[in-house]
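To be precise, the following lines are start.tsv, and they hold TSV, C-alpha atoms.
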```tsv
chain	number	residue	atom	x	y	z
T	2	MET	CA	123.11	-50.68	-179.70
T	3	THR	CA	125.36	-48.82	-182.14
T	4	LEU	CA	128.72	-50.08	-183.35
T	5	VAL	CA	130.50	-47.39	-181.33
T	6	GLU	CA	128.63	-48.48	-178.19
T	7	LEU	CA	129.38	-52.16	-178.78
T	8	ILE	CA	133.10	-51.47	-179.12
T	9	GLY	CA	132.96	-49.14	-176.14
T	10	ARG	CA	131.67	-51.89	-173.82
T	11	ALA	CA	133.75	-54.77	-175.24
T	12	ASP	CA	136.40	-56.56	-173.18
T	13	GLU	CA	139.99	-57.13	-174.29
T	14	ARG	CA	139.35	-60.48	-175.95
T	15	THR	CA	136.37	-59.18	-177.90
T	16	LEU	CA	138.29	-56.09	-179.01
T	17	ALA	CA	141.22	-58.20	-180.18
T	18	ALA	CA	139.00	-60.65	-182.06
T	19	SER	CA	136.91	-57.94	-183.73
T	20	ALA	CA	140.01	-56.07	-184.93
T	21	VAL	CA	141.62	-59.26	-186.28
T	22	ALA	CA	138.32	-60.02	-188.04
T	23	CYS	CA	138.40	-56.62	-189.76
T	24	LEU	CA	141.99	-57.11	-190.88
T	25	ASP	CA	141.22	-60.66	-192.02
T	26	ARG	CA	138.29	-59.50	-194.17
T	27	CYS	CA	140.53	-56.99	-195.94
T	28	LEU	CA	143.39	-59.37	-196.77
T	29	PRO	CA	141.88	-60.28	-200.19
T	30	LEU	CA	142.54	-56.66	-201.23
T	31	LEU	CA	146.23	-57.54	-201.27
T	32	GLU	CA	145.59	-60.03	-204.08
T	33	TYR	CA	145.19	-57.11	-206.47
T	34	VAL	CA	148.60	-55.61	-205.73
T	35	GLU	CA	151.10	-56.34	-208.46
T	36	GLY	CA	154.03	-58.26	-207.02
T	37	ALA	CA	152.25	-59.04	-203.75
T	38	GLU	CA	152.29	-62.78	-204.51
T	39	ARG	CA	156.05	-62.73	-203.93
T	40	ILE	CA	155.42	-61.81	-200.30
T	41	GLY	CA	154.09	-65.33	-199.69
T	42	LEU	CA	150.95	-64.40	-197.74
T	43	ASP	CA	148.00	-66.80	-197.81
T	44	THR	CA	145.10	-64.36	-197.57
T	45	ASP	CA	142.68	-67.10	-196.50
T	46	GLU	CA	144.80	-68.84	-193.88
T	47	ALA	CA	147.22	-66.22	-192.54
T	48	LEU	CA	145.05	-65.21	-189.58
T	49	ARG	CA	143.15	-68.47	-189.03
T	50	PRO	CA	145.42	-69.68	-186.16
T	51	LEU	CA	144.71	-66.41	-184.34
T	52	TRP	CA	140.98	-66.95	-184.79
T	53	VAL	CA	141.12	-70.51	-183.51
T	54	ALA	CA	142.51	-69.33	-180.19
T	55	VAL	CA	142.09	-65.70	-179.20
T	56	GLU	CA	143.74	-66.35	-175.87
T	57	GLY	CA	145.11	-62.85	-175.62
T	58	GLY	CA	148.27	-61.76	-173.89
T	59	ASP	CA	151.61	-60.66	-175.25
T	60	ALA	CA	152.46	-64.07	-176.76
T	61	TRP	CA	149.28	-64.03	-178.86
T	62	LEU	CA	149.94	-60.42	-179.83
T	63	GLY	CA	153.46	-61.38	-180.88
T	64	ARG	CA	152.06	-63.97	-183.28
T	65	LEU	CA	149.70	-61.36	-184.68
T	66	ARG	CA	152.52	-58.87	-185.16
T	67	ARG	CA	154.49	-61.44	-187.16
T	68	VAL	CA	151.58	-61.81	-189.61
T	69	ALA	CA	151.08	-58.04	-189.63
T	70	ALA	CA	154.74	-57.55	-190.56
T	71	VAL	CA	154.23	-59.74	-193.64
T	72	VAL	CA	151.17	-57.68	-194.60
T	73	GLU	CA	153.17	-54.47	-194.20
T	74	ARG	CA	155.78	-55.75	-196.65
T	75	VAL	CA	153.18	-55.37	-199.40
T	76	ALA	CA	153.48	-51.61	-198.89
T	77	GLY	CA	156.69	-51.76	-200.91
T	78	ALA	CA	154.73	-53.04	-203.90
T	79	ALA	CA	152.70	-49.81	-204.38
T	80	PRO	CA	149.47	-51.13	-202.84
T	81	GLY	CA	147.12	-48.46	-204.13
T	82	GLU	CA	143.93	-47.12	-202.62
T	83	LEU	CA	142.16	-50.13	-201.10
T	84	ALA	CA	145.01	-52.46	-200.13
T	85	GLY	CA	146.46	-49.51	-198.24
T	86	PHE	CA	143.68	-49.89	-195.68
T	87	ALA	CA	144.76	-53.46	-194.86
T	88	ILE	CA	148.35	-52.30	-194.52
T	89	ARG	CA	147.25	-49.43	-192.25
T	90	MET	CA	145.42	-51.87	-189.95
T	91	ALA	CA	148.44	-54.18	-189.84
T	92	ALA	CA	150.79	-51.32	-189.04
T	93	ALA	CA	148.56	-50.24	-186.14
T	94	VAL	CA	148.63	-53.56	-184.23
T	95	PRO	CA	149.20	-52.52	-180.60
T	96	ALA	CA	152.58	-53.05	-178.99
T	97	ALA	CA	150.98	-54.38	-175.80
T	98	TYR	CA	147.84	-56.38	-174.96
T	99	ASP	CA	146.21	-53.44	-173.26
T	100	GLU	CA	142.49	-52.62	-173.23
T	101	THR	CA	142.93	-48.96	-174.15
T	102	ALA	CA	145.28	-49.75	-177.05
T	103	LEU	CA	143.11	-52.63	-178.26
T	104	ARG	CA	139.98	-50.44	-178.18
T	105	ALA	CA	141.67	-47.74	-180.25
T	106	TRP	CA	142.86	-50.37	-182.74
T	107	ALA	CA	139.43	-51.99	-182.94
T	108	GLN	CA	137.79	-48.60	-183.57
T	109	ASP	CA	140.28	-47.79	-186.32
T	110	CYS	CA	139.91	-51.20	-187.97
T	111	SER	CA	136.12	-50.93	-187.84
T	112	ALA	CA	136.18	-47.54	-189.56
T	113	ALA	CA	138.75	-48.67	-192.15
T	114	VAL	CA	136.68	-51.66	-193.29
T	115	LEU	CA	133.55	-49.54	-193.62
T	116	GLU	CA	135.52	-47.01	-195.65
T	117	VAL	CA	136.68	-49.83	-197.95
T	118	HIS	CA	133.09	-50.94	-198.50
T	119	LEU	CA	131.97	-47.38	-199.22
T	120	ARG	CA	134.67	-47.03	-201.86
T	121	LEU	CA	133.90	-50.42	-203.40
T	122	ASP	CA	130.26	-49.38	-203.62
T	123	GLY	CA	131.24	-46.18	-205.39
T	124	ALA	CA	129.38	-44.22	-202.72
T	125	ALA	CA	132.45	-42.29	-201.57
T	126	PRO	CA	135.07	-42.26	-204.34
T	127	GLY	CA	137.42	-39.97	-202.46
T	128	GLY	CA	136.66	-41.26	-199.01
T	129	HIS	CA	134.27	-39.87	-196.48
T	130	PRO	CA	135.34	-40.41	-192.83
T	131	ALA	CA	132.46	-38.29	-191.51
T	132	ARG	CA	129.94	-40.57	-193.19
T	133	VAL	CA	131.66	-43.66	-191.79
T	134	GLU	CA	131.54	-42.21	-188.27
T	135	ALA	CA	127.85	-41.36	-188.69
T	136	TYR	CA	127.10	-44.96	-189.69
T	137	ARG	CA	129.08	-46.29	-186.75
T	138	ALA	CA	127.10	-43.99	-184.43
T	139	GLY	CA	123.77	-45.29	-185.75
T	140	ASP	CA	122.83	-42.73	-188.42
T	141	THR	CA	122.44	-45.00	-191.45
T	142	ASP	CA	120.44	-42.63	-193.66
T	143	GLY	CA	121.40	-43.28	-197.28
T	144	ILE	CA	123.75	-46.17	-196.49
T	145	SER	CA	124.52	-48.41	-199.48
T	146	PRO	CA	123.64	-52.14	-199.37
T	147	LEU	CA	127.27	-53.28	-199.41
T	148	THR	CA	128.24	-50.99	-196.53
T	149	ALA	CA	125.05	-51.81	-194.61
T	150	GLY	CA	125.95	-55.50	-194.78
T	151	GLU	CA	129.40	-54.85	-193.33
T	152	LEU	CA	127.99	-52.64	-190.57
T	153	ARG	CA	125.50	-55.36	-189.65
T	154	ARG	CA	128.23	-58.04	-189.62
T	155	GLN	CA	130.45	-55.97	-187.34
T	156	CYS	CA	127.60	-55.46	-184.85
T	157	GLN	CA	126.63	-59.15	-184.94
T	158	LEU	CA	130.23	-60.24	-184.51
T	159	LEU	CA	130.76	-58.03	-181.46
T	160	ASP	CA	127.47	-59.21	-179.97
T	161	MET	CA	128.42	-62.87	-180.49
T	162	LEU	CA	131.83	-62.45	-178.92
T	163	SER	CA	130.62	-60.45	-175.93
T	164	GLY	CA	128.18	-63.21	-174.99
T	165	ASP	CA	130.49	-66.08	-175.92
T	166	SER	CA	129.82	-69.25	-174.00
T	167	GLY	CA	132.06	-71.42	-176.15
T	168	GLY	CA	130.55	-71.28	-179.62
T	169	GLY	CA	130.61	-67.53	-180.22
T	170	LEU	CA	134.08	-67.50	-181.70
T	171	ASN	CA	133.23	-70.17	-184.27
T	172	HIS	CA	130.08	-68.31	-185.30
T	173	ALA	CA	132.04	-65.06	-185.49
T	174	LEU	CA	134.60	-66.75	-187.73
T	175	GLN	CA	131.84	-67.97	-190.05
T	176	LEU	CA	130.34	-64.49	-190.15
T	177	SER	CA	133.68	-62.89	-190.91
T	178	ASN	CA	134.38	-65.44	-193.64
T	179	GLU	CA	131.05	-64.50	-195.21
T	180	GLY	CA	132.16	-60.87	-195.13
T	181	LYS	CA	135.46	-61.81	-196.72
T	182	ARG	CA	133.66	-63.54	-199.59
T	183	VAL	CA	131.45	-60.48	-200.13
T	184	LEU	CA	134.42	-58.11	-200.09
T	185	ARG	CA	136.46	-60.34	-202.43
T	186	ALA	CA	133.57	-60.46	-204.92
T	187	ALA	CA	133.12	-56.67	-204.77
T	188	ALA	CA	136.86	-56.10	-205.23
T	189	SER	CA	136.86	-58.50	-208.19
T	190	ARG	CA	133.98	-56.63	-209.85
T	191	ARG	CA	135.79	-53.35	-209.34
T	192	ALA	CA	139.02	-54.75	-210.78
T	193	ARG	CA	137.18	-55.99	-213.89
T	194	SER	CA	135.42	-52.68	-214.41
T	195	THR	CA	138.58	-50.61	-214.06
T	196	GLY	CA	140.94	-53.03	-215.78
```
Turn the structure described in the file into structure tokens.
Amino acid sequence: MTLVELIGRADERTLAASAVACLDRCLPLLEYVEGAERIGLDTDEALRPLWVAVEGGDAWLGRLRRVAAVVERVAGAAPGELAGFAIRMAAAVPAAYDETALRAWAQDCSAAVLEVHLRLDGAAPGGHPARVEAYRAGDTDGISPLTAGELRRQCQLLDMLSGDSGGGLNHALQLSNEGKRVLRAAASRRARSTG
């Protein structure tokens, strides 16, 4: 099943968790924004409480919006190309815990993270939304290893959460943490090569 199909059949809880996972994986990009440390955001722990209990509802969404507001504050520190994707995801957190809104957010977050990986891989220096959408729809011809890994993680994560019998969320968290480590390493290599 393609990534688009997996998101299309996901329930509210799965959509919320998958979108938070995408945002969480991109938080290390904020570490490369000059002045961002003054914002006081722990990029490893900021979203962990929301992972531990994706109970859904407006109260949970309110907690997410409070973290998202902190992420958005980095926008004032001239975030640059990649960190801007994390800020975009944070700014798009839905106003209500609604399946339609959550699905749109999850789709956008999914595409944004794949775009980040493409750019880190140097495969699409100026961005290539059409290529991202092709990958999400199952056409992976010419996909780079870094982006292929992220695509695979997103599909696995959605599959785990949709069949969750109690342990799926923990496994999804581990998988997302692996993706965060990969993205952080790729961002670090890019920073060294351009700095």
Residue nearest Trp106 in chain T among T:Ala87, T:Ala186, T:Leu4, T:Ala17 (counting all atoms listed in the file): T:Ala17
Can you tell me, as a PDB file with C-alpha atoms, keeping the file's coordinate frame, which residues sit within 10 Å of (147.9, -53.6, -186.6) in the file's frame, using all atoms listed in the file?
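Everything below was put into selection01.pdb:
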```pdb
ATOM      1  CA  ALA T  20     140.010 -56.070-184.930  1.00  0.00           C
ATOM      2  CA  VAL T  21     141.620 -59.260-186.280  1.00  0.00           C
ATOM      3  CA  LEU T  24     141.990 -57.110-190.880  1.00  0.00           C
ATOM      4  CA  LEU T  62     149.940 -60.420-179.830  1.00  0.00           C
ATOM      5  CA  LEU T  65     149.700 -61.360-184.680  1.00  0.00           C
ATOM      6  CA  ARG T  66     152.520 -58.870-185.160  1.00  0.00           C
ATOM      7  CA  VAL T  68     151.580 -61.810-189.610  1.00  0.00           C
ATOM      8  CA  ALA T  69     151.080 -58.040-189.630  1.00  0.00           C
ATOM      9  CA  ALA T  70     154.740 -57.550-190.560  1.00  0.00           C
ATOM     10  CA  VAL T  72     151.170 -57.680-194.600  1.00  0.00           C
ATOM     11  CA  GLU T  73     153.170 -54.470-194.200  1.00  0.00           C
ATOM     12  CA  ALA T  87     144.760 -53.460-194.860  1.00  0.00           C
ATOM     13  CA  ILE T  88     148.350 -52.300-194.520  1.00  0.00           C
ATOM     14  CA  ARG T  89     147.250 -49.430-192.250  1.00  0.00           C
ATOM     15  CA  MET T  90     145.420 -51.870-189.950  1.00  0.00           C
ATOM     16  CA  ALA T  91     148.440 -54.180-189.840  1.00  0.00           C
ATOM     17  CA  ALA T  92     150.790 -51.320-189.040  1.00  0.00           C
ATOM     18  CA  ALA T  93     148.560 -50.240-186.140  1.00  0.00           C
ATOM     19  CA  VAL T  94     148.630 -53.560-184.230  1.00  0.00           C
ATOM     20  CA  PRO T  95     149.200 -52.520-180.600  1.00  0.00           C
ATOM     21  CA  ALA T  96     152.580 -53.050-178.990  1.00  0.00           C
ATOM     22  CA  LEU T 103     143.110 -52.630-178.260  1.00  0.00           C
ATOM     23  CA  TRP T 106     142.860 -50.370-182.740  1.00  0.00           C
ATOM     24  CA  ALA T 107     139.430 -51.990-182.940  1.00  0.00           C
ATOM     25  CA  ASP T 109     140.280 -47.790-186.320  1.00  0.00           C
ATOM     26  CA  CYS T 110     139.910 -51.200-187.970  1.00  0.00           C
TER      27      CYS T 110
END
```
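Of the listed residues T:Asp122, T:Glu35, T:Arg26, T:Ala113, the one whose atoms come nearest to Gly81 in chain T is T:Glu35, with distances taken using all atoms listed in the file.
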Go through range 79-179 of chain T and flag each residue having an atom no more than 8 Å from range 41-57 of chain T; for those, report the closest pair of atoms plus their distance in Å to one decimal, using only C-alpha atoms, ordered by chain and rising number, as JSON lines.
```
{"residue": "T:Tyr98", "atom": "CA", "partner": "T:Gly57", "partner_atom": "CA", "distance": 7.1}
{"residue": "T:Leu170", "atom": "CA", "partner": "T:Trp52", "partner_atom": "CA", "distance": 7.6}
{"residue": "T:Asn171", "atom": "CA", "partner": "T:Val53", "partner_atom": "CA", "distance": 7.9}
{"residue": "T:Leu174", "atom": "CA", "partner": "T:Trp52", "partner_atom": "CA", "distance": 7.0}
```
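Shortest separation to Leu162 in chain T among T:Leu184, T:Leu7, T:Ala149, T:Val133 occurs at residue T:Leu7, atoms counted being all atoms listed in the file.
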For CA of Leu119 in chain T and CA of Thr148 in chain T, quote the distance in Å rounded to one decimal. 5.8 Å
